[in-house]
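Asker: Pasting a structure below so you can have a look.
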Amino acid sequence: MPEPLLRLEGVHTHIGQYHILQGVDLDVPAGGLTMLLGRNGAGKTTTLRSIMGLWNPSQGRVVFDGTEIGGMGTADIARLGLAYVPENMGLFGNLTVQENMVLAARKGPMDNARLDWIFELFPALKKFWRLPAGNLSGGQKQMLAIARAISEPRRLLLIDEPTKGLAPSIVEALIEAFLDLKRSETTILLVEQNFRMACAVGDSVAVMDDGQIVHTGAMSELAENEALQQRLLGLSLDTHQ
Amino acid sequence: MLNALLSGDLPRSRGLTLILLAILVGLAFAPFLFPGTRSLNTAATICVFIVLVASYDLLLGYTGVVSFAHTMFYGIGAYGVAIMLELWPASWGGILLGSLAGLAVSIALAFVIALFSLRVRAIFFAMVTLAVSSAFMILASQLSGLTGGEDGLSYRVPRELGPAFKLIDTEILGVKVDGRLLNYYLVFLASAGLVLLLLRFVNAPFGRVLQAIRENTFRAEAIGYRTVIYRTIAVCLSAGVASLAGSLMAIWLKYTGPDTTLSLTIMIDILLMLVIGGMGSIYGAVLGATLFILARNYLQNLMDIGASALGDLPLLPALIDPDRWLLWLGVLFILSVYFFPSGIVGRLRAGR
Amino acid sequence: MTDQTASQTETAAPRAPLSERFGKWVPYLLVPVFLILGYLLIGSGPTWATLTLAGLAMGMMIFVMASGLTLVFGLMDILNFGHGAFISIGAFVGATVLLSAGGWTGADSVLLNLGAVLPAMLAAMMVAGGLGYVFERVIVRPVYGAHLKQILVTMGGLIVAEELIRLIWGPDAIPLPRPEAFTGAWIFGMVAIEKYRVYSVILGLIIFLALLWVLGRTRTGLLIRAGVENGEMVEALGYRIRLIFILVFVAGSALAGLGGVMWGLYEQIITAQMGLDVLVLVFIVVIIGGLGSVHGCFIGALLVGLLANYTGYLMPKLALGSNILLMVAVLMWRPQGLLPINKQ
Ligand SMILES: Nc1ncnc2c1ncn2[C@@H]1O[C@H](COP(=O)(O)OP(=O)(O)OP(=O)(O)O)[C@@H](O)[C@H]1O
Ligand SMILES: [Mg+2]
């Protein structure tokens, strides 16, 4: 088995006095889309933030492509080619769509081919290019947040619940976009509550509970095994939709 | 009994207990232990500042709110008494009315300030109080008809509180039992009462809530409205006690002016006393005020001697000139905030 | 499928509701409203013109001093009481340069006068900026994220800086006469236009426009604005926010130093505690404007300057309290200030 692109070994994270992550072991293989699932409060967001250095793990190792990144500054971690789309999207609402994109392309002006590709994925961005990002609708904001993350070629995308609060039709559009992204060979670690989306795009999956990984495997395997879903996620058929 | 008097908040350290006892005994018997006008003046100043600093601790230490208007409330209490004694010289009614008027004005003003600034963010409070108190200071010096302007007010206190009054003819331990002695004990007992009152407040459930808010402002602010109410009450309470301390000072000094009550220098002194003594503990205020005032009264002489002894060396004499007192205090202040945020009391308690 | 959803999202209304868009502009209207009200109450054109110019000049100077403070707050959530120190230091350094320029300030030549004033301002900015750098490293950095300690420590820093000024320049106030070209007034019929005030307004405007240009058109400026909104995300995009912050802190300190020189020449006298005195006005302006907002700070500064001068003429007794009343009124209307920044 090849080295994973990102590996977490026994990561513990404390927020203030609370012990949130209690030994997370997680492998993200290169080139695929790994789903990170779990109930509310399981620690998914905290895991992503610990990878990005927004929380400092108190124990354990975070290794990205052979480099130990636990304890490094967030900016330095980002410069290794990681991009993060937080749960609240983290847009700069007073800046225009264009300015948001300009800042995201840290290495210089975006090349046109890439921009065209992004516009193809998210046509709304082109239309509202000069509008303050704060004025966009919820779905458009989410698209901008993802577009920002892929404004330059990245090696790993960390995306936290992109479908939160979006209408089903827009979720469909996002699924299309993710499938397209996968074809571009980007590695993605995706946190989701929407199980349908997870089934549609995920290659492998890790399930968290109470600050630990409680299950890893192929996404297709979990998608077929309802008993397992029920046990890990408390899902039942009627909440699927 | 002692436990009840201290509201269950015992010093919890042998060293601290000894120092507090020494301060208590020293102040309680000051007229007999340290006879002389200057010493008695120092003792009375210590009493008043203990109250003033302890009431400030209610804000800074227990509530986690920085105020720069504490001297304003102190001044309001002092001017209340001064103005009333100006109207009705040497009357007990003037003292009573002045203290009550000062108390009412202070609490009302504190309420308004707190309501407007704490509603948004606690740090607004620091800026708003600085603005309001500096405006108040200018106002006090401009309304010279009422406040005596820069010169301040001198007035007479009731005869029973002056040196001319003899309670008994015999001397006790070689000390005359005159009105001045009575005045001192009025200040001492009132101060002691106010400190015990503050101890009661901070150890009541109310005080615990304040500390909880301070510990986790983020959570508390998320809960929202109640935080503002609790903090507003603390601000009003602290302003009220500061105002009473001002009234006591006005009675003791028989003089009230901007330099003795309102000036920002006093505000900075209060901050220093509290931080050095130990925030978040009334005993820290007691210790800080006592040490600071003793040091100021006696250390500055020492600096003076040192400066002249060094003669005409370059720079060094200028650095330990008594005028540089504030420079060194400022440095000490910064260092204590960094390295001893819980002050002397914190050290003593940790090292028991 | 994709096409259909895409067109759906495109038609979704991206604009804020009308009241919100309109509400954004109301604070800007306050300045003309103040001007008109002032004119109606004062009644005399020439007096009004003089007072207005004085108010604008004062406002511009306060803006120059306050802009850095508000950005530092917005960017790092740091309330810096030490900002007053940079104002005083700037004034004293500027005064030293001016007073040592000897004949140049007294000469009846605009060029020679400028030859004294410009170096004075540059020196003030450099020293204040350098001090800002030291202040940030020594005083502020160890207390990031702890508001209470920040306030205490920066106040301590202000005290120490004031004392150092007294140590270096002596305890007394220093008179600071204006150079020849900046004294006096132009007379237009009944209206006397004081030269120094005009120059102050022009300089203040230049700085405001330059700030807007930097913040709106340069990458660094975009990063500053982005950082004010969401510093964590700026980091996550790979920028070191600390560098941006130090830059803003130093630039803000330098501007405070410049403001100190301007204020000193305006008052024609400087004292060690002038920084703290002005800081009070600066705080009022920053609160009125909304913490972190440069536009708000500009409006707030103009309002404070105009109000101080109008009430000083109309009701001298009220002049002192007028700014505080203004602050209370604004907070009642908009608890976050006129143009608050929406933090994430
Ligand atoms: N800033 C914080 N302070 C204290 N506790 C926190 C903080 N952030 C998160 N937590 C706690 O950490 C735990 C894990 O939170 P996290 O946000 O990682 O969960 P999650 O799996 O992302 O949940 P969700 O699906 O609801 O987003 C929760 O119990 C939460 O209360
Ligand atoms: Mg989450």
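Just remember, in the structure tokens the first chain shown is A, the second B, etc., residues are 1-based per chain, and ligands are 1-based in the order shown.
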Could you list the protein, DNA and RNA residues that have any atom within 6 Å of ligand 1, counting only C-alpha atoms and all ligand atoms, and write them as a list in words?
Answerer: Ile15, Ile20, Arg39, Asn40, Gly41, Ala42, Gly43, Lys44, Thr45 and Thr46 of chain A
Asker: Write a file of the selected residues as an mmCIF file, in the first residue's frame, keeping C-alpha atoms.
Answerer:
```
data_model
loop_
_atom_site.group_PDB
_atom_site.id
_atom_site.type_symbol
_atom_site.label_atom_id
_atom_site.label_comp_id
_atom_site.auth_asym_id
_atom_site.auth_seq_id
_atom_site.Cartn_x
_atom_site.Cartn_y
_atom_site.Cartn_z
ATOM 1 C CA ILE A 15 -9.669 23.389 23.324
ATOM 2 C CA ILE A 20 -11.822 17.150 22.210
ATOM 3 C CA ARG A 39 -22.630 12.793 14.436
ATOM 4 C CA ASN A 40 -22.815 16.440 15.470
ATOM 5 C CA GLY A 41 -20.077 17.248 17.889
ATOM 6 C CA ALA A 42 -18.046 14.161 17.015
ATOM 7 C CA GLY A 43 -14.967 16.292 16.339
ATOM 8 C CA LYS A 44 -14.876 16.497 12.546
ATOM 9 C CA THR A 45 -14.362 20.240 12.387
ATOM 10 C CA THR A 46 -11.792 20.021 15.148
#
```
Asker: Return as a list in words the residues of protein, DNA or RNA that approach ligand 2 to within 12 Å, with only C-alpha atoms and all ligand atoms taken into account.
Answerer: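 Within the 12 Å cut-off, the matching residues are Leu36, Leu37, Gly38, Arg39, Asn40, Gly41, Ala42, Gly43, Lys44, Thr45, Thr46, Thr47, Leu48, Arg49, Val85, Pro86, Glu87, Asn88, Met89, Ile159, Asp160, Glu161, Pro162, Lys164, Leu190, Val191, Glu192, Gln193 and Met208 of chain A.
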Asker: Near range 143-157 of chain A, within 7 Å and counting only C-alpha atoms, which residues show up once chain neighbours fewer than 6 positions away are dropped, as an NGL selection string?
Answerer: :A and (81-85 or 89 or 91 or 101 or 104-105 or 118 or 122 or 125 or 186-189)
Asker: Do you know which residues are at most 10 Å from Ser55 in chain B counting only C-alpha atoms, after dropping those on the same chain fewer than 6 positions away, and could you put them as a PDB file with N, CA and C atoms, in the first residue's frame?
Answerer:
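The resulting file, result05.pdb, is shown below:
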```pdb
ATOM      1  N   PHE B  49      -7.749  54.132  51.085  1.00  0.00           N
ATOM      2  CA  PHE B  49      -7.336  53.513  49.818  1.00  0.00           C
ATOM      3  C   PHE B  49      -7.587  52.018  49.800  1.00  0.00           C
ATOM      4  N   GLY B  61     -10.744  42.698  39.190  1.00  0.00           N
ATOM      5  CA  GLY B  61     -10.388  41.339  39.572  1.00  0.00           C
ATOM      6  C   GLY B  61     -11.539  40.361  39.454  1.00  0.00           C
ATOM      7  N   HIS B  70     -12.786  55.253  38.116  1.00  0.00           N
ATOM      8  CA  HIS B  70     -12.969  55.002  39.547  1.00  0.00           C
ATOM      9  C   HIS B  70     -12.688  56.249  40.370  1.00  0.00           C
ATOM     10  N   LEU B 194     -16.802  48.665  55.299  1.00  0.00           N
ATOM     11  CA  LEU B 194     -16.971  48.584  53.846  1.00  0.00           C
ATOM     12  C   LEU B 194     -16.195  47.403  53.264  1.00  0.00           C
ATOM     13  N   VAL B 195     -15.004  47.158  53.807  1.00  0.00           N
ATOM     14  CA  VAL B 195     -14.219  46.026  53.299  1.00  0.00           C
ATOM     15  C   VAL B 195     -14.944  44.713  53.593  1.00  0.00           C
ATOM     16  N   LEU B 198     -17.708  44.300  51.171  1.00  0.00           N
ATOM     17  CA  LEU B 198     -17.233  43.853  49.853  1.00  0.00           C
ATOM     18  C   LEU B 198     -16.908  42.363  49.875  1.00  0.00           C
ATOM     19  N   LEU B 199     -16.276  41.925  50.973  1.00  0.00           N
ATOM     20  CA  LEU B 199     -15.979  40.497  51.111  1.00  0.00           C
ATOM     21  C   LEU B 199     -17.265  39.688  51.018  1.00  0.00           C
ATOM     22  N   ALA B 234     -22.363  45.083  39.267  1.00  0.00           N
ATOM     23  CA  ALA B 234     -21.024  45.166  39.852  1.00  0.00           C
ATOM     24  C   ALA B 234     -20.449  46.570  39.682  1.00  0.00           C
ATOM     25  N   VAL B 235     -20.654  47.157  38.510  1.00  0.00           N
ATOM     26  CA  VAL B 235     -20.136  48.501  38.259  1.00  0.00           C
ATOM     27  C   VAL B 235     -20.770  49.506  39.220  1.00  0.00           C
ATOM     28  N   LEU B 237     -22.185  48.929  42.148  1.00  0.00           N
ATOM     29  CA  LEU B 237     -21.752  48.641  43.511  1.00  0.00           C
ATOM     30  C   LEU B 237     -20.367  49.216  43.755  1.00  0.00           C
ATOM     31  N   SER B 238     -19.488  48.966  42.814  1.00  0.00           N
ATOM     32  CA  SER B 238     -18.124  49.424  42.967  1.00  0.00           C
ATOM     33  C   SER B 238     -18.062  50.953  42.979  1.00  0.00           C
ATOM     34  N   ALA B 239     -18.867  51.576  42.135  1.00  0.00           N
ATOM     35  CA  ALA B 239     -18.900  53.040  42.117  1.00  0.00           C
ATOM     36  C   ALA B 239     -19.433  53.588  43.439  1.00  0.00           C
ATOM     37  N   GLY B 240     -20.446  52.928  43.975  1.00  0.00           N
ATOM     38  CA  GLY B 240     -21.013  53.379  45.239  1.00  0.00           C
ATOM     39  C   GLY B 240     -19.992  53.336  46.366  1.00  0.00           C
ATOM     40  N   VAL B 241     -19.273  52.223  46.458  1.00  0.00           N
ATOM     41  CA  VAL B 241     -18.279  52.095  47.531  1.00  0.00           C
ATOM     42  C   VAL B 241     -17.151  53.109  47.333  1.00  0.00           C
ATOM     43  N   ALA B 242     -16.737  53.307  46.072  1.00  0.00           N
ATOM     44  CA  ALA B 242     -15.689  54.300  45.804  1.00  0.00           C
ATOM     45  C   ALA B 242     -16.142  55.677  46.251  1.00  0.00           C
ATOM     46  N   SER B 243     -17.410  55.963  45.991  1.00  0.00           N
ATOM     47  CA  SER B 243     -17.941  57.259  46.376  1.00  0.00           C
ATOM     48  C   SER B 243     -17.892  57.442  47.899  1.00  0.00           C
ATOM     49  N   ALA B 245     -15.821  55.980  49.910  1.00  0.00           N
ATOM     50  CA  ALA B 245     -14.415  56.178  50.266  1.00  0.00           C
ATOM     51  C   ALA B 245     -14.027  57.639  50.076  1.00  0.00           C
ATOM     52  N   ILE B 282      -9.879  40.423  47.654  1.00  0.00           N
ATOM     53  CA  ILE B 282      -9.984  41.659  48.425  1.00  0.00           C
ATOM     54  C   ILE B 282      -8.721  41.866  49.257  1.00  0.00           C
ATOM     55  N   ALA B 285      -6.106  43.828  47.571  1.00  0.00           N
ATOM     56  CA  ALA B 285      -6.299  45.269  47.660  1.00  0.00           C
ATOM     57  C   ALA B 285      -5.738  45.801  48.979  1.00  0.00           C
TER      58      ALA B 285
END
```
Asker: Report as a ChimeraX atom specification all protein, DNA and RNA residues lying within 10 Å of Arg119 in chain B, evaluated on only C-alpha atoms, omitting residues in the same chain fewer than 5 positions from it.
Answerer: /B:113-114,124-125,221,224-225,227-229,231-232 /C:331,335-336
Asker: Take the residues that were just selected and, keeping all heavy atoms, output them as a compact mmCIF listing (two decimals), in the first residue's frame.
Answerer:
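To be explicit, this is the file written out as again_11.txt:
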```
# COMPACT_ATOMS: atom_id res chain seq x y z
N ILE B 113 -23.32 54.70 32.31
CA ILE B 113 -22.10 54.33 31.57
C ILE B 113 -22.10 52.83 31.27
O ILE B 113 -21.83 52.39 30.16
CB ILE B 113 -20.84 54.70 32.37
CG1 ILE B 113 -20.74 56.21 32.53
CG2 ILE B 113 -19.60 54.17 31.67
CD1 ILE B 113 -19.56 56.64 33.39
N ALA B 114 -22.42 52.05 32.29
CA ALA B 114 -22.36 50.59 32.14
C ALA B 114 -23.35 50.14 31.08
O ALA B 114 -23.04 49.33 30.21
CB ALA B 114 -22.66 49.91 33.47
N PHE B 124 -15.34 48.29 25.45
CA PHE B 124 -15.84 49.66 25.28
C PHE B 124 -15.77 50.39 26.61
O PHE B 124 -15.53 51.58 26.66
CB PHE B 124 -17.32 49.64 24.84
CG PHE B 124 -17.49 49.72 23.36
CD1 PHE B 124 -16.63 49.04 22.53
CD2 PHE B 124 -18.50 50.46 22.81
CE1 PHE B 124 -16.78 49.11 21.16
CE2 PHE B 124 -18.66 50.54 21.44
CZ PHE B 124 -17.81 49.86 20.61
N PHE B 125 -16.01 49.63 27.66
CA PHE B 125 -16.10 50.24 28.98
C PHE B 125 -14.82 51.01 29.32
O PHE B 125 -14.87 52.10 29.85
CB PHE B 125 -16.37 49.14 30.01
CG PHE B 125 -16.81 49.67 31.34
CD1 PHE B 125 -18.08 50.20 31.48
CD2 PHE B 125 -15.97 49.65 32.43
CE1 PHE B 125 -18.50 50.69 32.69
CE2 PHE B 125 -16.38 50.13 33.65
CZ PHE B 125 -17.65 50.66 33.78
N GLU B 221 -20.93 35.85 27.15
CA GLU B 221 -21.49 36.82 26.22
C GLU B 221 -22.44 36.15 25.24
O GLU B 221 -23.37 36.77 24.76
CB GLU B 221 -20.38 37.58 25.50
CG GLU B 221 -20.01 38.84 26.23
CD GLU B 221 -18.81 39.56 25.64
OE1 GLU B 221 -18.43 39.27 24.50
OE2 GLU B 221 -18.25 40.42 26.35
N GLY B 224 -25.60 36.07 26.69
CA GLY B 224 -26.16 37.36 26.33
C GLY B 224 -26.51 38.28 27.48
O GLY B 224 -25.66 38.65 28.26
N TYR B 225 -27.78 38.57 27.54
CA TYR B 225 -28.24 39.71 28.29
C TYR B 225 -27.85 39.70 29.76
O TYR B 225 -27.48 40.69 30.33
CB TYR B 225 -29.76 39.76 28.16
CG TYR B 225 -30.31 41.14 28.30
CD1 TYR B 225 -29.92 42.14 27.43
CD2 TYR B 225 -31.19 41.45 29.32
CE1 TYR B 225 -30.40 43.40 27.56
CE2 TYR B 225 -31.69 42.72 29.45
CZ TYR B 225 -31.29 43.69 28.56
OH TYR B 225 -31.77 44.95 28.69
N THR B 227 -25.37 38.66 31.34
CA THR B 227 -24.01 39.13 31.59
C THR B 227 -24.00 40.62 31.85
O THR B 227 -23.40 41.11 32.80
CB THR B 227 -23.14 38.86 30.36
OG1 THR B 227 -23.48 37.62 29.84
CG2 THR B 227 -21.69 38.92 30.70
N VAL B 228 -24.67 41.34 30.95
CA VAL B 228 -24.68 42.80 31.05
C VAL B 228 -25.30 43.22 32.38
O VAL B 228 -24.78 44.11 33.06
CB VAL B 228 -25.47 43.40 29.87
CG1 VAL B 228 -25.51 44.91 29.99
CG2 VAL B 228 -24.83 43.00 28.56
N ILE B 229 -26.37 42.55 32.78
CA ILE B 229 -27.03 42.94 34.03
C ILE B 229 -26.10 42.72 35.21
O ILE B 229 -25.89 43.61 36.04
CB ILE B 229 -28.34 42.16 34.20
CG1 ILE B 229 -29.31 42.57 33.10
CG2 ILE B 229 -28.93 42.42 35.58
CD1 ILE B 229 -30.63 41.86 33.15
N ARG B 231 -22.89 42.51 35.27
CA ARG B 231 -21.75 43.43 35.25
C ARG B 231 -22.19 44.84 35.61
O ARG B 231 -21.46 45.55 36.30
CB ARG B 231 -21.10 43.41 33.87
CG ARG B 231 -20.41 42.10 33.61
CD ARG B 231 -19.59 42.17 32.36
NE ARG B 231 -18.44 41.29 32.49
CZ ARG B 231 -17.61 41.01 31.50
NH1 ARG B 231 -17.79 41.53 30.33
NH2 ARG B 231 -16.59 40.21 31.70
N THR B 232 -23.36 45.22 35.16
CA THR B 232 -23.85 46.55 35.50
C THR B 232 -24.01 46.69 37.01
O THR B 232 -23.63 47.71 37.59
CB THR B 232 -25.19 46.82 34.79
OG1 THR B 232 -25.00 46.65 33.39
CG2 THR B 232 -25.68 48.21 35.07
N LEU C 331 -24.30 55.46 20.04
CA LEU C 331 -24.40 54.10 20.58
C LEU C 331 -25.85 53.69 20.80
O LEU C 331 -26.20 52.51 20.70
CB LEU C 331 -23.61 53.98 21.89
CG LEU C 331 -22.09 53.97 21.75
CD1 LEU C 331 -21.42 53.76 23.08
CD2 LEU C 331 -21.64 52.92 20.76
N PRO C 335 -25.48 50.41 18.27
CA PRO C 335 -24.61 49.98 19.37
C PRO C 335 -23.20 49.60 18.93
O PRO C 335 -22.27 49.63 19.72
CB PRO C 335 -25.34 48.77 19.94
CG PRO C 335 -26.74 48.91 19.49
CD PRO C 335 -26.71 49.64 18.20
N GLN C 336 -23.02 49.25 17.65
CA GLN C 336 -21.69 48.86 17.20
C GLN C 336 -20.94 50.01 16.55
O GLN C 336 -19.87 49.82 15.99
CB GLN C 336 -21.78 47.72 16.17
CG GLN C 336 -22.54 46.52 16.64
CD GLN C 336 -21.63 45.54 17.36
OE1 GLN C 336 -20.44 45.77 17.51
NE2 GLN C 336 -22.19 44.44 17.82
```
